Amino acid sequence: MDVDEILTGLYSEQGRQNPYPWYAALHEHGPINAVPKRAEHRTITAVAGGYDLVDQVLRDPGWYKGAPPDWQDQEILRTFLTSMMFINPPDHTRMRAVFAKTFTPRRLGALEPVIVRIVTDRLDRMAEAGADGGEVDFVADFAYPVPALVMAEFIGLPEADLAWYRQRVDWIDEYMDVAGKTPERLARANQAAEELRGYYRELLAHRRRQPGEDLISGLVEVLDAGGVDLTEEELISNLIVLFNASFVTTVYMFSNGLPLLLAHPDVVAALPGDDALARGSVDEVLRMESPVHFLARAAPHDTEVGGVPVGRDENVLLLIAAANRDPARFPDPDRFDPHRAGPPSLAFGVGLHFCLGSAVSRLEGRLALPRLFARFPELAVTQPYTYSGSLFLRGIDKLFVTTGEAR
């Protein structure tokens with residue numbers, strides 16, 4: 001297959017369900033390739049799937065996140081482009097410095113008992129729902145509520161608001177897909193961003209009246225004291241993006257990882273009580289089933305990348321899920337190996353825009369997975385499952401299981 005056929009395959013429903021054969025085919029063409037001139041590729045000049053090249057571009061601070069020309073006309077784009085995840089230096093540096101102070105080892109340590117408490121409660125609910133052989137939706141009962149409740153408690157969102165919140169997250173994620181830029185999805189994403197902005201304005205006002213111990217209360221206090229270089233509207237943009245990025249990827253880490261782990265019963269049996277194995281399993285799940293499959297970066301000037309010309313302000317599509325299975329860096333890349341040596345996966349990016357919430361996600365996986373299998377050693381998937389329609393955020397949204405005899 002040529003590159004055009006590979007990209008067409010990736011955009012298809014078959015490619016969205018299983019993109020890895022297409023990534024393997026792309027690796028045969030080298031680490032980076034020019035993209036054929038077609039309407040759906042109008043903003044992309046090249047596509048890269050080689051680990052070293054993707055890593056190199058992401059680490060280069062000169063490569064930047066391009067903004068669509070009409071971004072100020074759309075609420076969702078205004079929200080994105082006033083947040084640290086989508087903005088470039090120097091504003092990115094200014095914003096990230098504020099939030100980096102919140103993801104400290106001390107705060108992560110304080111999250112451990114929170115995670116254990118939430119995981120234990122969700123396991124109790126799974127045991128109740130799965131009693132007498134009943135089916136349980138692993139996503140609805142565990143993979144979604146665990147990271148959502150952890151981040152809600154960390155940031156300061158009321159648990160009662162999470163169901164309402166999730167619908168807005170889904171509308172935004174649908175728009176962010178490579179094929180998601182339809183008028184209907186844009187309208188829903190704009191509505192979601194507008195409603196979430198209003199929600200956070202009310203929440204900030206409430207925390208001013210009744211402060212707590214959560215992140216929002218702390219940020220409001222330093223914001224009002226003039227202690228941070230951030231406006232309230234920028235704070236709202238960053239809270240929206242931070243919450244979405246920090247829990248949606250973890251939902252898919254759990255749901256994508258469960259079938260992968262169950263296919264290796266020796267690992268499942270050994271996970272409880274083996275912290276090193278838990279860490280390695282989380283890393284290997286993220287490598288093999290990255291929730292985020294691609295990023296894009298624009299060239300700061302006319303250049304060549306791996307021998308492919310890229311003009312100034314032209315974008316390269318960086319397939320991080322393909323890079324994570326690059327045979328040049330990961331021998332036998334389709335084999336699950338929690339003891340694998342080699343470079344770290346690019347699941348959370350790298351460089352300036354490395355995901356701030358990655359440490360929280362890994363901590364949740366390390367604490368939750370051993371407890372899940374200790375409680376339900378006979379856990380089994382009962383129905384065929386499909387992946388979300390998105391290739392940007394790819395994950396299993398419904399996963400029915402039986403818990404077996406609980407311990």
# chains A, B, ... in the order shown; residues from 1 in each chain; ligands from 1
call {"tool": "residues_around", "arguments": {"residues": "Ala67 of chain A", "least_positions_apart": "4", "cutoff": "9 Å", "atoms": "only C-alpha atoms", "output": "PDB file with N, CA and C atoms, in the first residue's frame"}}
result
ATOM      1  N   TRP A  71     -10.296  31.038  14.715  1.00  0.00           N
ATOM      2  CA  TRP A  71     -10.441  30.499  16.061  1.00  0.00           C
ATOM      3  C   TRP A  71     -11.175  31.446  17.005  1.00  0.00           C
ATOM      4  N   LEU A  77     -12.843  26.942  20.295  1.00  0.00           N
ATOM      5  CA  LEU A  77     -11.466  27.264  19.917  1.00  0.00           C
ATOM      6  C   LEU A  77     -10.903  28.371  20.798  1.00  0.00           C
ATOM      7  N   LEU A  81      -7.511  27.766  22.854  1.00  0.00           N
ATOM      8  CA  LEU A  81      -6.361  28.618  22.556  1.00  0.00           C
ATOM      9  C   LEU A  81      -6.108  29.697  23.595  1.00  0.00           C
ATOM     10  N   PHE A  86      -2.892  24.174  24.463  1.00  0.00           N
ATOM     11  CA  PHE A  86      -2.968  24.498  23.039  1.00  0.00           C
ATOM     12  C   PHE A  86      -2.217  25.765  22.656  1.00  0.00           C
ATOM     13  N   ILE A  87      -1.729  26.496  23.642  1.00  0.00           N
ATOM     14  CA  ILE A  87      -1.080  27.770  23.346  1.00  0.00           C
ATOM     15  C   ILE A  87       0.440  27.592  23.338  1.00  0.00           C
TER      16      ILE A  87
END
call {"tool": "residues_around", "arguments": {"residues": "Thr8 of chain A", "least_positions_apart": "2", "cutoff": "12 Å", "atoms": "only C-alpha atoms", "output": "list in words"}}
result
Met1, Asp2, Val3, Asp4, Glu5, Ile6, Leu10, Tyr11, Ser12, Glu13, Gln14, Gly15, Arg16, Pro19, Trp22, Leu26, Val35, Pro36, Arg38, Glu40, His41 and Ala179 of chain A
call {"tool": "atom_distance", "arguments": {"atom1": "atom CA of Leu363 of chain A", "atom2": "atom CA of Ala322 of chain A"}}
result
24.6 Å
call {"tool": "residues_around", "arguments": {"residues": "Leu219 of chain A", "least_positions_apart": "6", "cutoff": "12 Å", "atoms": "only C-alpha atoms", "output": "mmCIF file with all heavy atoms, in the first residue's frame"}}
result
data_model
loop_
_atom_site.group_PDB
_atom_site.id
_atom_site.type_symbol
_atom_site.label_atom_id
_atom_site.label_comp_id
_atom_site.auth_asym_id
_atom_site.auth_seq_id
_atom_site.Cartn_x
_atom_site.Cartn_y
_atom_site.Cartn_z
ATOM 1 N N VAL A 98 1.906 28.227 36.662
ATOM 2 C CA VAL A 98 0.891 28.299 37.710
ATOM 3 C C VAL A 98 0.419 26.903 38.089
ATOM 4 O O VAL A 98 0.354 26.550 39.273
ATOM 5 C CB VAL A 98 -0.309 29.158 37.234
ATOM 6 C CG1 VAL A 98 -1.433 29.108 38.264
ATOM 7 C CG2 VAL A 98 0.131 30.591 36.970
ATOM 8 N N PHE A 99 0.123 26.075 37.101
ATOM 9 C CA PHE A 99 -0.457 24.767 37.368
ATOM 10 C C PHE A 99 0.598 23.734 37.761
ATOM 11 O O PHE A 99 0.280 22.774 38.466
ATOM 12 C CB PHE A 99 -1.257 24.287 36.156
ATOM 13 C CG PHE A 99 -2.578 24.980 36.025
ATOM 14 C CD1 PHE A 99 -2.680 26.199 35.370
ATOM 15 C CD2 PHE A 99 -3.729 24.429 36.568
ATOM 16 C CE1 PHE A 99 -3.896 26.850 35.269
ATOM 17 C CE2 PHE A 99 -4.948 25.071 36.475
ATOM 18 C CZ PHE A 99 -5.036 26.293 35.816
ATOM 19 N N LYS A 101 2.806 24.035 39.839
ATOM 20 C CA LYS A 101 2.985 24.081 41.291
ATOM 21 C C LYS A 101 1.974 23.207 42.024
ATOM 22 O O LYS A 101 2.158 22.884 43.196
ATOM 23 C CB LYS A 101 2.857 25.525 41.772
ATOM 24 C CG LYS A 101 3.942 26.456 41.247
ATOM 25 C CD LYS A 101 3.669 27.899 41.656
ATOM 26 C CE LYS A 101 4.704 28.840 41.056
ATOM 27 N NZ LYS A 101 4.410 30.264 41.372
ATOM 28 N N THR A 102 0.884 22.848 41.327
ATOM 29 C CA THR A 102 -0.151 22.044 41.994
ATOM 30 C C THR A 102 0.114 20.552 41.879
ATOM 31 O O THR A 102 -0.407 19.764 42.665
ATOM 32 C CB THR A 102 -1.534 22.356 41.397
ATOM 33 O OG1 THR A 102 -1.588 21.889 40.049
ATOM 34 C CG2 THR A 102 -1.816 23.840 41.429
ATOM 35 N N ILE A 155 -9.747 18.710 41.940
ATOM 36 C CA ILE A 155 -9.995 20.063 41.431
ATOM 37 C C ILE A 155 -11.033 20.779 42.283
ATOM 38 O O ILE A 155 -10.915 21.969 42.566
ATOM 39 C CB ILE A 155 -10.450 20.005 39.954
ATOM 40 C CG1 ILE A 155 -9.274 19.562 39.069
ATOM 41 C CG2 ILE A 155 -10.964 21.358 39.478
ATOM 42 C CD1 ILE A 155 -9.636 19.408 37.614
ATOM 43 N N GLY A 156 -12.107 20.049 42.671
ATOM 44 C CA GLY A 156 -13.140 20.660 43.485
ATOM 45 C C GLY A 156 -14.494 20.708 42.808
ATOM 46 O O GLY A 156 -15.264 21.644 43.021
ATOM 47 N N LEU A 204 -16.391 29.263 40.706
ATOM 48 C CA LEU A 204 -15.372 30.168 41.262
ATOM 49 C C LEU A 204 -16.014 31.153 42.235
ATOM 50 O O LEU A 204 -15.456 31.443 43.307
ATOM 51 C CB LEU A 204 -14.661 30.917 40.134
ATOM 52 C CG LEU A 204 -13.767 30.082 39.206
ATOM 53 C CD1 LEU A 204 -13.244 30.940 38.064
ATOM 54 C CD2 LEU A 204 -12.621 29.445 39.957
ATOM 55 N N ARG A 207 -16.691 29.376 45.443
ATOM 56 C CA ARG A 207 -15.485 29.138 46.241
ATOM 57 C C ARG A 207 -14.982 30.434 46.895
ATOM 58 O O ARG A 207 -14.332 30.388 47.942
ATOM 59 C CB ARG A 207 -14.381 28.538 45.368
ATOM 60 C CG ARG A 207 -14.636 27.100 44.974
ATOM 61 C CD ARG A 207 -14.628 26.169 46.194
ATOM 62 N NE ARG A 207 -14.679 24.781 45.792
ATOM 63 C CZ ARG A 207 -15.796 24.111 45.530
ATOM 64 N NH1 ARG A 207 -16.977 24.721 45.667
ATOM 65 N NH2 ARG A 207 -15.768 22.860 45.141
ATOM 66 N N ARG A 208 -15.261 31.554 46.282
ATOM 67 C CA ARG A 208 -14.890 32.821 46.926
ATOM 68 C C ARG A 208 -15.700 33.023 48.207
ATOM 69 O O ARG A 208 -15.197 33.537 49.204
ATOM 70 C CB ARG A 208 -15.126 33.990 45.965
ATOM 71 C CG ARG A 208 -14.104 34.107 44.865
ATOM 72 C CD ARG A 208 -14.243 35.414 44.087
ATOM 73 N NE ARG A 208 -13.129 35.585 43.166
ATOM 74 C CZ ARG A 208 -13.158 35.263 41.876
ATOM 75 N NH1 ARG A 208 -14.277 34.769 41.337
ATOM 76 N NH2 ARG A 208 -12.099 35.436 41.114
ATOM 77 N N PRO A 211 -14.657 28.946 50.620
ATOM 78 C CA PRO A 211 -13.453 28.225 50.169
ATOM 79 C C PRO A 211 -13.320 26.873 50.838
ATOM 80 O O PRO A 211 -13.819 26.655 51.945
ATOM 81 C CB PRO A 211 -12.316 29.168 50.574
ATOM 82 C CG PRO A 211 -12.880 30.012 51.674
ATOM 83 C CD PRO A 211 -14.346 30.161 51.379
ATOM 84 N N GLY A 212 -12.642 25.952 50.125
ATOM 85 C CA GLY A 212 -12.376 24.624 50.660
ATOM 86 C C GLY A 212 -10.903 24.310 50.570
ATOM 87 O O GLY A 212 -10.062 25.215 50.498
ATOM 88 N N GLU A 213 -10.571 23.007 50.517
ATOM 89 C CA GLU A 213 -9.180 22.571 50.441
ATOM 90 C C GLU A 213 -8.792 22.141 49.027
ATOM 91 O O GLU A 213 -7.694 21.628 48.816
ATOM 92 C CB GLU A 213 -8.954 21.390 51.398
ATOM 93 C CG GLU A 213 -9.188 21.725 52.861
ATOM 94 C CD GLU A 213 -8.244 22.806 53.356
ATOM 95 O OE1 GLU A 213 -7.059 22.796 52.946
ATOM 96 O OE2 GLU A 213 -8.697 23.658 54.135
ATOM 97 N N ALA A 225 -5.506 37.549 45.072
ATOM 98 C CA ALA A 225 -4.429 38.256 45.767
ATOM 99 C C ALA A 225 -3.391 38.807 44.790
ATOM 100 O O ALA A 225 -2.432 39.461 45.225
ATOM 101 C CB ALA A 225 -3.759 37.319 46.765
ATOM 102 N N GLY A 226 -3.575 38.536 43.505
ATOM 103 C CA GLY A 226 -2.603 38.988 42.518
ATOM 104 C C GLY A 226 -1.331 38.183 42.524
ATOM 105 O O GLY A 226 -0.292 38.643 42.048
ATOM 106 N N GLY A 227 -1.408 36.964 43.053
ATOM 107 C CA GLY A 227 -0.204 36.154 43.198
ATOM 108 C C GLY A 227 0.143 35.296 41.998
ATOM 109 O O GLY A 227 1.171 34.621 42.006
ATOM 110 N N VAL A 228 -0.725 35.294 40.964
ATOM 111 C CA VAL A 228 -0.427 34.524 39.756
ATOM 112 C C VAL A 228 -0.674 35.383 38.528
ATOM 113 O O VAL A 228 -1.527 36.277 38.535
ATOM 114 C CB VAL A 228 -1.294 33.233 39.662
ATOM 115 C CG1 VAL A 228 -0.952 32.279 40.783
ATOM 116 C CG2 VAL A 228 -2.779 33.559 39.681
ATOM 117 N N ASP A 229 0.096 35.112 37.495
ATOM 118 C CA ASP A 229 -0.030 35.859 36.244
ATOM 119 C C ASP A 229 -1.046 35.153 35.353
ATOM 120 O O ASP A 229 -0.700 34.491 34.375
ATOM 121 C CB ASP A 229 1.337 35.931 35.564
ATOM 122 C CG ASP A 229 1.340 36.890 34.372
ATOM 123 O OD1 ASP A 229 0.328 37.604 34.195
ATOM 124 O OD2 ASP A 229 2.333 36.904 33.624
ATOM 125 N N LEU A 230 -2.325 35.288 35.710
ATOM 126 C CA LEU A 230 -3.387 34.556 35.028
ATOM 127 C C LEU A 230 -4.687 35.325 35.215
ATOM 128 O O LEU A 230 -4.971 35.802 36.317
ATOM 129 C CB LEU A 230 -3.519 33.163 35.651
ATOM 130 C CG LEU A 230 -4.157 32.038 34.851
ATOM 131 C CD1 LEU A 230 -3.295 31.644 33.665
ATOM 132 C CD2 LEU A 230 -4.391 30.821 35.743
ATOM 133 N N THR A 231 -5.470 35.456 34.153
ATOM 134 C CA THR A 231 -6.782 36.075 34.288
ATOM 135 C C THR A 231 -7.810 35.016 34.680
ATOM 136 O O THR A 231 -7.565 33.815 34.537
ATOM 137 C CB THR A 231 -7.232 36.738 32.979
ATOM 138 O OG1 THR A 231 -7.490 35.706 32.004
ATOM 139 C CG2 THR A 231 -6.173 37.688 32.445
ATOM 140 N N GLU A 232 -8.965 35.442 35.133
ATOM 141 C CA GLU A 232 -9.995 34.476 35.507
ATOM 142 C C GLU A 232 -10.466 33.673 34.302
ATOM 143 O O GLU A 232 -10.709 32.473 34.397
ATOM 144 C CB GLU A 232 -11.187 35.173 36.163
ATOM 145 C CG GLU A 232 -12.273 34.199 36.586
ATOM 146 C CD GLU A 232 -13.285 34.785 37.538
ATOM 147 O OE1 GLU A 232 -12.860 35.440 38.512
ATOM 148 O OE2 GLU A 232 -14.493 34.570 37.336
ATOM 149 N N GLU A 234 -8.703 32.924 31.649
ATOM 150 C CA GLU A 234 -7.648 31.949 31.354
ATOM 151 C C GLU A 234 -7.690 30.786 32.344
ATOM 152 O O GLU A 234 -7.480 29.635 31.968
ATOM 153 C CB GLU A 234 -6.274 32.622 31.389
ATOM 154 C CG GLU A 234 -6.005 33.553 30.223
ATOM 155 C CD GLU A 234 -4.697 34.314 30.378
ATOM 156 O OE1 GLU A 234 -4.214 34.461 31.522
ATOM 157 O OE2 GLU A 234 -4.159 34.771 29.348
ATOM 158 N N LEU A 235 -7.967 31.096 33.606
ATOM 159 C CA LEU A 235 -8.094 30.040 34.607
ATOM 160 C C LEU A 235 -9.213 29.079 34.226
ATOM 161 O O LEU A 235 -9.051 27.853 34.282
ATOM 162 C CB LEU A 235 -8.372 30.657 35.978
ATOM 163 C CG LEU A 235 -8.700 29.683 37.117
ATOM 164 C CD1 LEU A 235 -7.557 28.705 37.339
ATOM 165 C CD2 LEU A 235 -9.025 30.443 38.399
ATOM 166 N N ILE A 236 -10.344 29.612 33.774
ATOM 167 C CA ILE A 236 -11.477 28.772 33.378
ATOM 168 C C ILE A 236 -11.100 27.902 32.187
ATOM 169 O O ILE A 236 -11.388 26.692 32.166
ATOM 170 C CB ILE A 236 -12.708 29.651 33.075
ATOM 171 C CG1 ILE A 236 -13.256 30.241 34.375
ATOM 172 C CG2 ILE A 236 -13.778 28.845 32.347
ATOM 173 C CD1 ILE A 236 -14.330 31.293 34.174
ATOM 174 N N ASN A 238 -8.210 26.804 31.333
ATOM 175 C CA ASN A 238 -7.272 25.768 31.756
ATOM 176 C C ASN A 238 -7.947 24.708 32.618
ATOM 177 O O ASN A 238 -7.602 23.527 32.522
ATOM 178 C CB ASN A 238 -6.105 26.406 32.511
ATOM 179 C CG ASN A 238 -5.055 26.972 31.578
ATOM 180 O OD1 ASN A 238 -4.300 26.230 30.962
ATOM 181 N ND2 ASN A 238 -5.022 28.288 31.436
ATOM 182 N N LEU A 239 -8.912 25.093 33.434
ATOM 183 C CA LEU A 239 -9.627 24.099 34.234
ATOM 184 C C LEU A 239 -10.437 23.162 33.348
ATOM 185 O O LEU A 239 -10.485 21.947 33.577
ATOM 186 C CB LEU A 239 -10.543 24.800 35.250
ATOM 187 C CG LEU A 239 -9.832 25.467 36.433
ATOM 188 C CD1 LEU A 239 -10.805 26.317 37.228
ATOM 189 C CD2 LEU A 239 -9.166 24.431 37.330
#
call {"tool": "residues_around", "arguments": {"residues": "Asp397 of chain A", "least_positions_apart": "3", "cutoff": "10 Å", "atoms": "only C-alpha atoms", "output": "PyMOL selection string"}}
result
chain A and resi 137-140+143-144+251-252+255-256+385-389+394
call {"tool": "residues_around", "arguments": {"residues": "Thr403 of chain A", "least_positions_apart": "4", "cutoff": "6 Å", "atoms": "only C-alpha atoms", "output": "list in words"}}
result
Gly130, Phe376 and Leu379 of chain A
call {"tool": "write_last_selection", "arguments": {"atoms": "N, CA and C atoms", "output": "mmCIF file, in the first residue's frame"}}
result
data_model
loop_
_atom_site.group_PDB
_atom_site.id
_atom_site.type_symbol
_atom_site.label_atom_id
_atom_site.label_comp_id
_atom_site.auth_asym_id
_atom_site.auth_seq_id
_atom_site.Cartn_x
_atom_site.Cartn_y
_atom_site.Cartn_z
ATOM 1 N N GLY A 130 -22.419 -7.358 40.190
ATOM 2 C CA GLY A 130 -22.073 -8.613 39.541
ATOM 3 C C GLY A 130 -22.431 -9.851 40.333
ATOM 4 N N PHE A 376 -11.299 -9.442 42.057
ATOM 5 C CA PHE A 376 -12.011 -10.238 41.057
ATOM 6 C C PHE A 376 -11.031 -11.042 40.194
ATOM 7 N N LEU A 379 -12.432 -12.216 36.773
ATOM 8 C CA LEU A 379 -13.027 -11.198 35.901
ATOM 9 C C LEU A 379 -12.907 -11.622 34.443
#
call {"tool": "select_by_dssp", "arguments": {"residues": "segment 164-394 of chain A", "states": "alpha helix (DSSP H)", "output": "PyMOL selection string"}}
result
chain A and resi 164-176+183-209+215-224+232-262+265-270+275-288+320-323+358-375
call {"tool": "residues_around", "arguments": {"residues": "Thr382 of chain A", "least_positions_apart": "6", "cutoff": "7 Å", "atoms": "only C-alpha atoms", "output": "short mmCIF file (atom, residue, chain, number, x, y, z; two decimals) with C-alpha atoms, in the first residue's frame"}}
result
data_model
loop_
_atom_site.label_atom_id
_atom_site.label_comp_id
_atom_site.auth_asym_id
_atom_site.auth_seq_id
_atom_site.Cartn_x
_atom_site.Cartn_y
_atom_site.Cartn_z
CA PHE A 400 -19.40 -5.81 29.75
CA VAL A 401 -17.82 -8.21 32.21
CA THR A 402 -18.70 -10.77 34.84
#
call {"tool": "closest_atom_pairs", "arguments": {"of": "segment 1-75 of chain A", "to": "segment 282-294 of chain A", "cutoff": "12 Å", "atoms": "only C-alpha atoms", "output": "JSON lines"}}
result
{"residue": "A:Leu10", "atom": "CA", "partner": "A:His293", "partner_atom": "CA", "distance": 11.2}
{"residue": "A:Arg16", "atom": "CA", "partner": "A:His293", "partner_atom": "CA", "distance": 10.4}
{"residue": "A:Gln17", "atom": "CA", "partner": "A:Glu289", "partner_atom": "CA", "distance": 11.8}
{"residue": "A:Asn18", "atom": "CA", "partner": "A:Glu289", "partner_atom": "CA", "distance": 10.5}
{"residue": "A:Pro19", "atom": "CA", "partner": "A:His293", "partner_atom": "CA", "distance": 9.6}
{"residue": "A:Tyr20", "atom": "CA", "partner": "A:Met288", "partner_atom": "CA", "distance": 9.5}
{"residue": "A:Tyr23", "atom": "CA", "partner": "A:His293", "partner_atom": "CA", "distance": 10.8}
{"residue": "A:Val47", "atom": "CA", "partner": "A:Phe294", "partner_atom": "CA", "distance": 9.9}
{"residue": "A:Ala48", "atom": "CA", "partner": "A:Phe294", "partner_atom": "CA", "distance": 9.6}
{"residue": "A:Gly49", "atom": "CA", "partner": "A:Phe294", "partner_atom": "CA", "distance": 9.4}
{"residue": "A:Tyr51", "atom": "CA", "partner": "A:Arg287", "partner_atom": "CA", "distance": 11.6}
{"residue": "A:Val54", "atom": "CA", "partner": "A:Phe294", "partner_atom": "CA", "distance": 10.1}
{"residue": "A:Leu58", "atom": "CA", "partner": "A:Phe294", "partner_atom": "CA", "distance": 11.5}
call {"tool": "write_last_selection", "arguments": {"atoms": "N, CA, C and O atoms", "output": "PDB file, in the first residue's frame"}}
result
ATOM      1  N   LEU A  10      -6.823   4.353   7.513  1.00  0.00           N
ATOM      2  CA  LEU A  10      -6.905   4.844   8.887  1.00  0.00           C
ATOM      3  C   LEU A  10      -8.194   5.618   9.136  1.00  0.00           C
ATOM      4  O   LEU A  10      -8.774   5.554  10.222  1.00  0.00           O
ATOM      5  N   ARG A  16     -10.357   2.764  12.331  1.00  0.00           N
ATOM      6  CA  ARG A  16     -10.615   3.292  13.662  1.00  0.00           C
ATOM      7  C   ARG A  16     -10.726   2.170  14.693  1.00  0.00           C
ATOM      8  O   ARG A  16     -10.325   2.321  15.848  1.00  0.00           O
ATOM      9  N   GLN A  17     -11.280   1.048  14.286  1.00  0.00           N
ATOM     10  CA  GLN A  17     -11.403  -0.077  15.203  1.00  0.00           C
ATOM     11  C   GLN A  17     -10.051  -0.739  15.455  1.00  0.00           C
ATOM     12  O   GLN A  17      -9.768  -1.169  16.567  1.00  0.00           O
ATOM     13  N   ASN A  18      -9.222  -0.817  14.426  1.00  0.00           N
ATOM     14  CA  ASN A  18      -7.901  -1.437  14.592  1.00  0.00           C
ATOM     15  C   ASN A  18      -6.891  -0.743  13.680  1.00  0.00           C
ATOM     16  O   ASN A  18      -6.655  -1.182  12.551  1.00  0.00           O
ATOM     17  N   PRO A  19      -6.301   0.351  14.143  1.00  0.00           N
ATOM     18  CA  PRO A  19      -5.365   1.099  13.293  1.00  0.00           C
ATOM     19  C   PRO A  19      -3.977   0.487  13.183  1.00  0.00           C
ATOM     20  O   PRO A  19      -3.175   0.912  12.343  1.00  0.00           O
ATOM     21  N   TYR A  20      -3.692  -0.528  14.006  1.00  0.00           N
ATOM     22  CA  TYR A  20      -2.304  -0.984  14.112  1.00  0.00           C
ATOM     23  C   TYR A  20      -1.756  -1.634  12.851  1.00  0.00           C
ATOM     24  O   TYR A  20      -0.569  -1.443  12.522  1.00  0.00           O
ATOM     25  N   TYR A  23      -0.650   1.286  10.841  1.00  0.00           N
ATOM     26  CA  TYR A  23       0.588   1.866  11.362  1.00  0.00           C
ATOM     27  C   TYR A  23       1.791   1.009  10.962  1.00  0.00           C
ATOM     28  O   TYR A  23       2.863   1.535  10.611  1.00  0.00           O
ATOM     29  N   VAL A  47       3.193  13.090   7.403  1.00  0.00           N
ATOM     30  CA  VAL A  47       2.750  12.249   8.511  1.00  0.00           C
ATOM     31  C   VAL A  47       3.949  11.454   9.011  1.00  0.00           C
ATOM     32  O   VAL A  47       4.716  10.893   8.226  1.00  0.00           O
ATOM     33  N   ALA A  48       4.140  11.452  10.336  1.00  0.00           N
ATOM     34  CA  ALA A  48       5.313  10.803  10.931  1.00  0.00           C
ATOM     35  C   ALA A  48       4.862   9.761  11.937  1.00  0.00           C
ATOM     36  O   ALA A  48       3.975  10.010  12.755  1.00  0.00           O
ATOM     37  N   GLY A  49       5.499   8.578  11.872  1.00  0.00           N
ATOM     38  CA  GLY A  49       5.207   7.508  12.819  1.00  0.00           C
ATOM     39  C   GLY A  49       6.442   6.908  13.440  1.00  0.00           C
ATOM     40  O   GLY A  49       6.336   6.015  14.280  1.00  0.00           O
ATOM     41  N   TYR A  51       9.445   6.621  15.982  1.00  0.00           N
ATOM     42  CA  TYR A  51       9.561   7.065  17.375  1.00  0.00           C
ATOM     43  C   TYR A  51      10.550   8.219  17.513  1.00  0.00           C
ATOM     44  O   TYR A  51      10.234   9.262  18.096  1.00  0.00           O
ATOM     45  N   VAL A  54       9.263  11.524  15.873  1.00  0.00           N
ATOM     46  CA  VAL A  54       8.153  12.122  16.618  1.00  0.00           C
ATOM     47  C   VAL A  54       8.658  12.726  17.919  1.00  0.00           C
ATOM     48  O   VAL A  54       8.309  13.857  18.289  1.00  0.00           O
ATOM     49  N   LEU A  58       8.492  16.793  18.953  1.00  0.00           N
ATOM     50  CA  LEU A  58       7.780  17.195  20.169  1.00  0.00           C
ATOM     51  C   LEU A  58       8.698  17.894  21.164  1.00  0.00           C
ATOM     52  O   LEU A  58       8.264  18.785  21.909  1.00  0.00           O
TER      53      LEU A  58
END
call {"tool": "closest_residue", "arguments": {"among": "A:Thr45, A:Asn33, A:Thr79, A:Asn88", "to": "Val310 of chain A", "atoms": "only C-alpha atoms"}}
result
A:Thr45
call {"tool": "select_by_dssp", "arguments": {"residues": "segment 231-406 of chain A", "states": "strand (DSSP E)", "output": "list in words"}}
result
Leu295, Ala296, Arg297, Ala298, Thr303, Glu304, Val305, Val308, Pro309, Val310, Asn315, Val316, Leu317, Leu318, Ala380, Val381, Phe400, Val401 and Thr402 of chain A
call {"tool": "residues_around", "arguments": {"residues": "Ala205 of chain A", "least_positions_apart": "6", "cutoff": "12 Å", "atoms": "only C-alpha atoms", "output": "VMD selection string"}}
result
chain A and resid 198 to 199 211 216 to 217 220 to 221 224 232 236
call {"tool": "closest_residue", "arguments": {"among": "A:Ala24, A:Leu258, A:Ile44, A:Val268", "to": "Glu314 of chain A", "atoms": "only C-alpha atoms"}}
result
A:Ile44
call {"tool": "atom_distance", "arguments": {"atom1": "atom CA of Leu108 of chain A", "atom2": "atom CA of His264 of chain A"}}
result
29.7 Å
call {"tool": "closest_residue", "arguments": {"among": "A:Phe254, A:Phe80, A:Tyr200, A:Phe354", "to": "Pro68 of chain A", "atoms": "only C-alpha atoms"}}
result
A:Phe80
call {"tool": "decode", "arguments": {"residues": "segment 58-72 of chain A", "atoms": "C-alpha atoms", "output": "mmCIF file, in the first residue's frame"}}
result
data_model
loop_
_atom_site.group_PDB
_atom_site.id
_atom_site.type_symbol
_atom_site.label_atom_id
_atom_site.label_comp_id
_atom_site.auth_asym_id
_atom_site.auth_seq_id
_atom_site.Cartn_x
_atom_site.Cartn_y
_atom_site.Cartn_z
ATOM 1 C CA LEU A 58 7.780 17.195 20.169
ATOM 2 C CA ARG A 59 10.907 18.139 22.118
ATOM 3 C CA ASP A 60 11.835 20.995 19.767
ATOM 4 C CA PRO A 61 10.351 24.198 21.268
ATOM 5 C CA GLY A 62 10.423 25.847 17.854
ATOM 6 C CA TRP A 63 7.681 23.568 16.524
ATOM 7 C CA TYR A 64 4.375 25.011 17.621
ATOM 8 C CA LYS A 65 0.668 24.327 17.743
ATOM 9 C CA GLY A 66 -0.979 26.095 14.834
ATOM 10 C CA ALA A 67 -4.263 27.948 15.277
ATOM 11 C CA PRO A 68 -7.070 27.858 12.702
ATOM 12 C CA PRO A 69 -7.674 31.256 11.085
ATOM 13 C CA ASP A 70 -11.195 31.639 12.522
ATOM 14 C CA TRP A 71 -10.441 30.499 16.061
ATOM 15 C CA GLN A 72 -11.704 33.710 17.701
#
